Amino acid sequence: MVTAADPGETRTSVWLAARPAAPARRRSEAPSGLDRERITAATVRLLDADGLARFSMRRLAAGLGVTAMSLYWYVDTKQDLLELALDSALGELEPPPETAASAAESAVEGGEPGWPGWLRALARGYRHVLADHPWVAPLTAAFPNIGPHARAFDAALQRLLDATGLVDAARAGAHLAVSQFLHGCGGTVRRAPEGDFCLALDILIAGIEAKALPGRARQDPKETI
């Protein structure tokens with residue numbers, strides 16, 4: 001069993017640290033009825049209810065009906081558990097199509113076709129995650145955010161940018177603009193009216209479309225006739 005890390009030590013992300021298997025003679029001593037998934041789900045609920053500032057391993061353990069030390073059979077530190085909770089929340093996002101071609105040709109249900117519709121849906125979904133879980137924004141800034149759901153979200157964004165047809169500096173600029181827009185709205189997501197957010201998103205997408213149109217015209221001269 002491991003205990004909380006020394007705050008002065010350099011920590012490794014939970015997604016990069018390899019946890020050694022518990023010795024066979026000690027496995028039977030691990031608390032029954034617990035696993036990482038159940039603990040992570042309870043962490044998300046507690047963070048939603050009490051906020052990040054009040055979160056503690058003791059409060060989490062009390063809610064699960066176990067001792068605080070029992071949790072360290074499954075996570076090394078409190079920070080590891082917060083990383084797991086962060087990625088779990090991002091798993092609530094519905095990803096766009098699995099290929100750039102599909103994103104360019106298909107439409108969001110009840111929405112506009114092509115990558116603009118999918119990008120709009122992805123951005124609104126991310127905003128809703130931030131609104132439902134206010135602790136996500138500060139944790140995104142505090143941790144490397146490289147869990148499987150975070151990587152799936154970034155891959156989805158990359159596919160949508162592929163569908164725009166932008167390349168090189170324009171593509172890099174579009175990725176930076178969208179990333180900064182999504183992450184920057186975290187601190188004001190509850191205060192900014194929905195209409196203001198949507199208007200800002202419209203302007204962002206219009207700017208990307210304006211950059212993408214010249215490239216498309218060069219690729220298909222018939223579109224300019």
# chains A, B, ... in the order shown; residues from 1 in each chain; ligands from 1

$ residues_around --residues "A:Ile208" --least-positions-apart "6" --cutoff "12 Å" --atoms "only C-alpha atoms" --output "short mmCIF file (atom, residue, chain, number, x, y, z; two decimals) with N, CA, C and O atoms, in the first residue's frame"
data_model
loop_
_atom_site.label_atom_id
_atom_site.label_comp_id
_atom_site.auth_asym_id
_atom_site.auth_seq_id
_atom_site.Cartn_x
_atom_site.Cartn_y
_atom_site.Cartn_z
N TRP A 115 -18.25 20.83 -40.84
CA TRP A 115 -17.45 21.04 -39.65
C TRP A 115 -17.92 22.21 -38.79
O TRP A 115 -17.77 22.16 -37.56
N PRO A 116 -18.51 23.30 -39.39
CA PRO A 116 -18.97 24.38 -38.50
C PRO A 116 -20.02 23.91 -37.49
O PRO A 116 -20.00 24.29 -36.31
N LEU A 119 -18.22 21.72 -34.88
CA LEU A 119 -17.39 22.52 -33.98
C LEU A 119 -18.26 23.30 -33.01
O LEU A 119 -17.93 23.41 -31.82
N LEU A 160 -11.87 18.02 -36.79
CA LEU A 160 -12.70 19.12 -37.29
C LEU A 160 -11.85 20.16 -38.01
O LEU A 160 -12.27 20.70 -39.04
N LEU A 161 -10.65 20.41 -37.50
CA LEU A 161 -9.78 21.36 -38.18
C LEU A 161 -9.26 20.79 -39.49
O LEU A 161 -9.05 21.53 -40.46
N ASP A 162 -9.05 19.47 -39.54
CA ASP A 162 -8.69 18.84 -40.80
C ASP A 162 -9.79 19.07 -41.84
O ASP A 162 -9.51 19.28 -43.03
N ALA A 163 -11.04 19.01 -41.38
CA ALA A 163 -12.17 19.16 -42.30
C ALA A 163 -12.27 20.57 -42.87
O ALA A 163 -12.89 20.77 -43.91
N THR A 164 -11.65 21.56 -42.22
CA THR A 164 -11.71 22.93 -42.74
C THR A 164 -10.87 23.09 -44.00
O THR A 164 -11.09 24.01 -44.79
N GLY A 165 -9.88 22.23 -44.18
CA GLY A 165 -8.97 22.36 -45.31
C GLY A 165 -7.81 23.29 -45.07
O GLY A 165 -6.95 23.47 -45.94
N LEU A 166 -7.74 23.89 -43.89
CA LEU A 166 -6.63 24.79 -43.58
C LEU A 166 -5.34 24.01 -43.40
O LEU A 166 -5.36 22.86 -42.94
N VAL A 167 -4.23 24.64 -43.75
CA VAL A 167 -2.93 23.99 -43.60
C VAL A 167 -1.92 24.99 -43.03
O VAL A 167 -2.15 26.19 -43.00
N ALA A 170 -2.11 28.79 -41.06
CA ALA A 170 -3.54 29.04 -40.88
C ALA A 170 -4.16 27.95 -40.01
O ALA A 170 -5.01 28.23 -39.15
N ARG A 171 -3.74 26.72 -40.24
CA ARG A 171 -4.27 25.60 -39.44
C ARG A 171 -3.82 25.75 -37.98
O ARG A 171 -4.60 25.57 -37.05
N ALA A 172 -2.55 26.08 -37.77
CA ALA A 172 -2.03 26.25 -36.42
C ALA A 172 -2.75 27.41 -35.71
O ALA A 172 -3.07 27.33 -34.52
N GLY A 173 -3.00 28.48 -36.46
CA GLY A 173 -3.69 29.62 -35.88
C GLY A 173 -5.12 29.29 -35.49
O GLY A 173 -5.60 29.73 -34.43
N ALA A 174 -5.79 28.51 -36.32
CA ALA A 174 -7.17 28.11 -36.01
C ALA A 174 -7.21 27.24 -34.76
O ALA A 174 -8.08 27.40 -33.90
N HIS A 175 -6.25 26.33 -34.65
CA HIS A 175 -6.20 25.45 -33.48
C HIS A 175 -5.96 26.26 -32.21
O HIS A 175 -6.60 26.04 -31.18
N LEU A 176 -5.04 27.22 -32.28
CA LEU A 176 -4.76 28.06 -31.13
C LEU A 176 -5.98 28.89 -30.75
O LEU A 176 -6.32 29.01 -29.56
N ALA A 177 -6.65 29.45 -31.75
CA ALA A 177 -7.82 30.30 -31.48
C ALA A 177 -8.93 29.50 -30.81
O ALA A 177 -9.53 29.95 -29.82
N VAL A 178 -9.21 28.31 -31.32
CA VAL A 178 -10.28 27.49 -30.74
C VAL A 178 -9.91 27.03 -29.34
O VAL A 178 -10.73 27.08 -28.41
N LEU A 201 -18.74 32.54 -30.39
CA LEU A 201 -18.44 31.32 -31.14
C LEU A 201 -18.74 31.51 -32.62
O LEU A 201 -17.97 31.05 -33.49
N ASP A 202 -19.84 32.19 -32.94
CA ASP A 202 -20.17 32.48 -34.34
C ASP A 202 -19.06 33.28 -35.01
O ASP A 202 -18.69 33.00 -36.16
N PRO A 214 -10.51 30.81 -49.33
CA PRO A 214 -9.55 30.98 -50.43
C PRO A 214 -8.86 29.68 -50.82
O PRO A 214 -8.65 29.39 -51.99
N GLY A 215 -8.50 28.87 -49.83
CA GLY A 215 -7.85 27.60 -50.11
C GLY A 215 -8.76 26.67 -50.87
O GLY A 215 -8.35 25.98 -51.80
#

$ residues_around --residues "stretch 147-151 of chain A" --least-positions-apart "6" --cutoff "7 Å" --atoms "only C-alpha atoms" --output "JSON, numbers by chain"
{"A": [15, 87, 90, 91]}

$ select_by_dssp --residues "stretch 17-138 of chain A" --states "alpha helix (DSSP H)" --output "ChimeraX atom specification"
/A:24-27,36-50,57-64,78-90,100-105,114-132,136-138

$ residues_around --residues "A:Pro95" --least-positions-apart "3" --cutoff "12 Å" --atoms "only C-alpha atoms" --output "PyMOL selection string"
chain A and resi 90-92+98-99+103+108+118-126+149-160

$ atom_distance --atom1 "atom CA of A:Ser56" --atom2 "atom CA of A:Ala85"
13.3 Å

$ atom_distance --atom1 "atom CA of A:Arg54" --atom2 "atom CA of A:Gly184"
24.2 Å

$ residues_around --residues "A:Pro134" --least-positions-apart "3" --cutoff "8 Å" --atoms "only C-alpha atoms" --output "MDAnalysis selection string"
chainID A and resid 48 51 130:131 137

$ atom_distance --atom1 "atom CA of A:Asn145" --atom2 "atom CA of A:Leu204"
24.2 Å

$ residues_around --residues "A:Glu37" --least-positions-apart "4" --cutoff "10 Å" --atoms "only C-alpha atoms" --output "VMD selection string"
chain A and resid 41 to 43 74 84 to 85 88

$ write_last_selection --atoms "N, CA, C and O atoms" --output "PDB file, in the first residue's frame"
ATOM      1  N   ALA A  41     -15.972   8.038  -9.518  1.00  0.00           N
ATOM      2  CA  ALA A  41     -17.355   8.521  -9.631  1.00  0.00           C
ATOM      3  C   ALA A  41     -17.781   9.242  -8.356  1.00  0.00           C
ATOM      4  O   ALA A  41     -18.444  10.289  -8.413  1.00  0.00           O
ATOM      5  N   ALA A  42     -17.394   8.710  -7.200  1.00  0.00           N
ATOM      6  CA  ALA A  42     -17.727   9.364  -5.932  1.00  0.00           C
ATOM      7  C   ALA A  42     -17.004  10.698  -5.802  1.00  0.00           C
ATOM      8  O   ALA A  42     -17.544  11.667  -5.243  1.00  0.00           O
ATOM      9  N   THR A  43     -15.794  10.770  -6.327  1.00  0.00           N
ATOM     10  CA  THR A  43     -15.036  12.018  -6.304  1.00  0.00           C
ATOM     11  C   THR A  43     -15.736  13.095  -7.118  1.00  0.00           C
ATOM     12  O   THR A  43     -15.858  14.250  -6.692  1.00  0.00           O
ATOM     13  N   TYR A  74      -5.815   2.343  -4.097  1.00  0.00           N
ATOM     14  CA  TYR A  74      -6.221   2.512  -5.492  1.00  0.00           C
ATOM     15  C   TYR A  74      -5.618   3.749  -6.149  1.00  0.00           C
ATOM     16  O   TYR A  74      -5.544   3.821  -7.378  1.00  0.00           O
ATOM     17  N   LEU A  84      -8.005  11.836 -12.208  1.00  0.00           N
ATOM     18  CA  LEU A  84      -8.959  10.839 -12.672  1.00  0.00           C
ATOM     19  C   LEU A  84     -10.358  11.444 -12.794  1.00  0.00           C
ATOM     20  O   LEU A  84     -11.092  11.171 -13.755  1.00  0.00           O
ATOM     21  N   ALA A  85     -10.742  12.267 -11.819  1.00  0.00           N
ATOM     22  CA  ALA A  85     -12.054  12.908 -11.852  1.00  0.00           C
ATOM     23  C   ALA A  85     -12.155  13.870 -13.029  1.00  0.00           C
ATOM     24  O   ALA A  85     -13.199  13.943 -13.701  1.00  0.00           O
ATOM     25  N   SER A  88     -12.716  11.933 -16.139  1.00  0.00           N
ATOM     26  CA  SER A  88     -14.052  11.350 -16.117  1.00  0.00           C
ATOM     27  C   SER A  88     -15.097  12.371 -16.560  1.00  0.00           C
ATOM     28  O   SER A  88     -16.015  12.046 -17.323  1.00  0.00           O
TER      29      SER A  88
END

$ closest_residue --among "A:Ala169, A:Val136, A:Leu60, A:Ala49" --to "A:Ala89" --atoms "only C-alpha atoms"
A:Val136

$ closest_residue --among "A:His183, A:Arg127, A:Met57, A:Gly63" --to "A:Leu82" --atoms "only C-alpha atoms"
A:Met57

$ residues_around --residues "A:Glu105" --least-positions-apart "3" --cutoff "10 Å" --atoms "only C-alpha atoms" --output "number ranges by chain"
A: 97, 100-102, 113-115, 163

$ write_last_selection --atoms "all heavy atoms" --output "mmCIF file, in the first residue's frame"
data_model
loop_
_atom_site.group_PDB
_atom_site.id
_atom_site.type_symbol
_atom_site.label_atom_id
_atom_site.label_comp_id
_atom_site.auth_asym_id
_atom_site.auth_seq_id
_atom_site.Cartn_x
_atom_site.Cartn_y
_atom_site.Cartn_z
ATOM 1 N N PRO A 97 -17.843 13.060 -35.664
ATOM 2 C CA PRO A 97 -17.501 11.889 -36.484
ATOM 3 C C PRO A 97 -16.029 11.505 -36.379
ATOM 4 O O PRO A 97 -15.182 12.328 -36.067
ATOM 5 C CB PRO A 97 -17.852 12.347 -37.906
ATOM 6 C CG PRO A 97 -18.931 13.353 -37.714
ATOM 7 C CD PRO A 97 -18.568 14.084 -36.447
ATOM 8 N N ALA A 100 -12.242 13.163 -40.696
ATOM 9 C CA ALA A 100 -12.432 14.530 -41.167
ATOM 10 C C ALA A 100 -13.443 14.576 -42.303
ATOM 11 O O ALA A 100 -14.252 15.504 -42.406
ATOM 12 C CB ALA A 100 -11.089 15.116 -41.624
ATOM 13 N N ALA A 101 -13.414 13.555 -43.168
ATOM 14 C CA ALA A 101 -14.349 13.515 -44.290
ATOM 15 C C ALA A 101 -15.788 13.433 -43.804
ATOM 16 O O ALA A 101 -16.678 14.121 -44.322
ATOM 17 C CB ALA A 101 -14.028 12.333 -45.199
ATOM 18 N N SER A 102 -16.019 12.624 -42.787
ATOM 19 C CA SER A 102 -17.373 12.500 -42.237
ATOM 20 C C SER A 102 -17.826 13.808 -41.611
ATOM 21 O O SER A 102 -18.989 14.213 -41.739
ATOM 22 C CB SER A 102 -17.418 11.382 -41.190
ATOM 23 O OG SER A 102 -17.135 10.132 -41.771
ATOM 24 N N PRO A 113 -24.898 21.617 -41.301
ATOM 25 C CA PRO A 113 -24.015 20.569 -41.812
ATOM 26 C C PRO A 113 -22.544 20.983 -41.765
ATOM 27 O O PRO A 113 -22.210 22.157 -41.603
ATOM 28 C CB PRO A 113 -24.481 20.417 -43.268
ATOM 29 C CG PRO A 113 -24.974 21.788 -43.638
ATOM 30 C CD PRO A 113 -25.608 22.322 -42.370
ATOM 31 N N GLY A 114 -21.687 19.973 -41.915
ATOM 32 C CA GLY A 114 -20.255 20.235 -42.042
ATOM 33 C C GLY A 114 -19.550 20.516 -40.734
ATOM 34 O O GLY A 114 -20.137 20.471 -39.640
ATOM 35 N N TRP A 115 -18.255 20.833 -40.843
ATOM 36 C CA TRP A 115 -17.446 21.043 -39.646
ATOM 37 C C TRP A 115 -17.921 22.214 -38.793
ATOM 38 O O TRP A 115 -17.766 22.158 -37.556
ATOM 39 C CB TRP A 115 -15.965 21.221 -40.035
ATOM 40 C CG TRP A 115 -15.656 22.458 -40.828
ATOM 41 C CD1 TRP A 115 -15.518 22.564 -42.176
ATOM 42 C CD2 TRP A 115 -15.440 23.783 -40.309
ATOM 43 N NE1 TRP A 115 -15.245 23.861 -42.541
ATOM 44 C CE2 TRP A 115 -15.184 24.630 -41.410
ATOM 45 C CE3 TRP A 115 -15.439 24.326 -39.026
ATOM 46 C CZ2 TRP A 115 -14.938 25.985 -41.266
ATOM 47 C CZ3 TRP A 115 -15.195 25.690 -38.885
ATOM 48 C CH2 TRP A 115 -14.938 26.505 -39.989
ATOM 49 N N ALA A 163 -11.040 19.009 -41.380
ATOM 50 C CA ALA A 163 -12.170 19.161 -42.299
ATOM 51 C C ALA A 163 -12.268 20.573 -42.869
ATOM 52 O O ALA A 163 -12.893 20.775 -43.914
ATOM 53 C CB ALA A 163 -13.468 18.800 -41.579
#

$ closest_residue --among "A:Met69, A:Leu64, A:Asp132, A:Ala212" --to "A:Leu47" --atoms "only C-alpha atoms"
A:Asp132

$ residues_around --residues "A:Ala200" --least-positions-apart "5" --cutoff "9 Å" --atoms "only C-alpha atoms" --output "short mmCIF file (atom, residue, chain, number, x, y, z; two decimals) with N, CA and C atoms, in the first residue's frame"
data_model
loop_
_atom_site.label_atom_id
_atom_site.label_comp_id
_atom_site.auth_asym_id
_atom_site.auth_seq_id
_atom_site.Cartn_x
_atom_site.Cartn_y
_atom_site.Cartn_z
N PHE A 181 -10.13 29.88 -26.92
CA PHE A 181 -11.53 30.24 -26.72
C PHE A 181 -12.20 29.27 -25.74
N GLY A 195 -26.25 33.65 -24.86
CA GLY A 195 -26.24 34.39 -26.12
C GLY A 195 -24.89 34.99 -26.43
N ILE A 205 -15.99 31.02 -35.63
CA ILE A 205 -16.19 30.11 -36.75
C ILE A 205 -16.19 30.86 -38.08
#
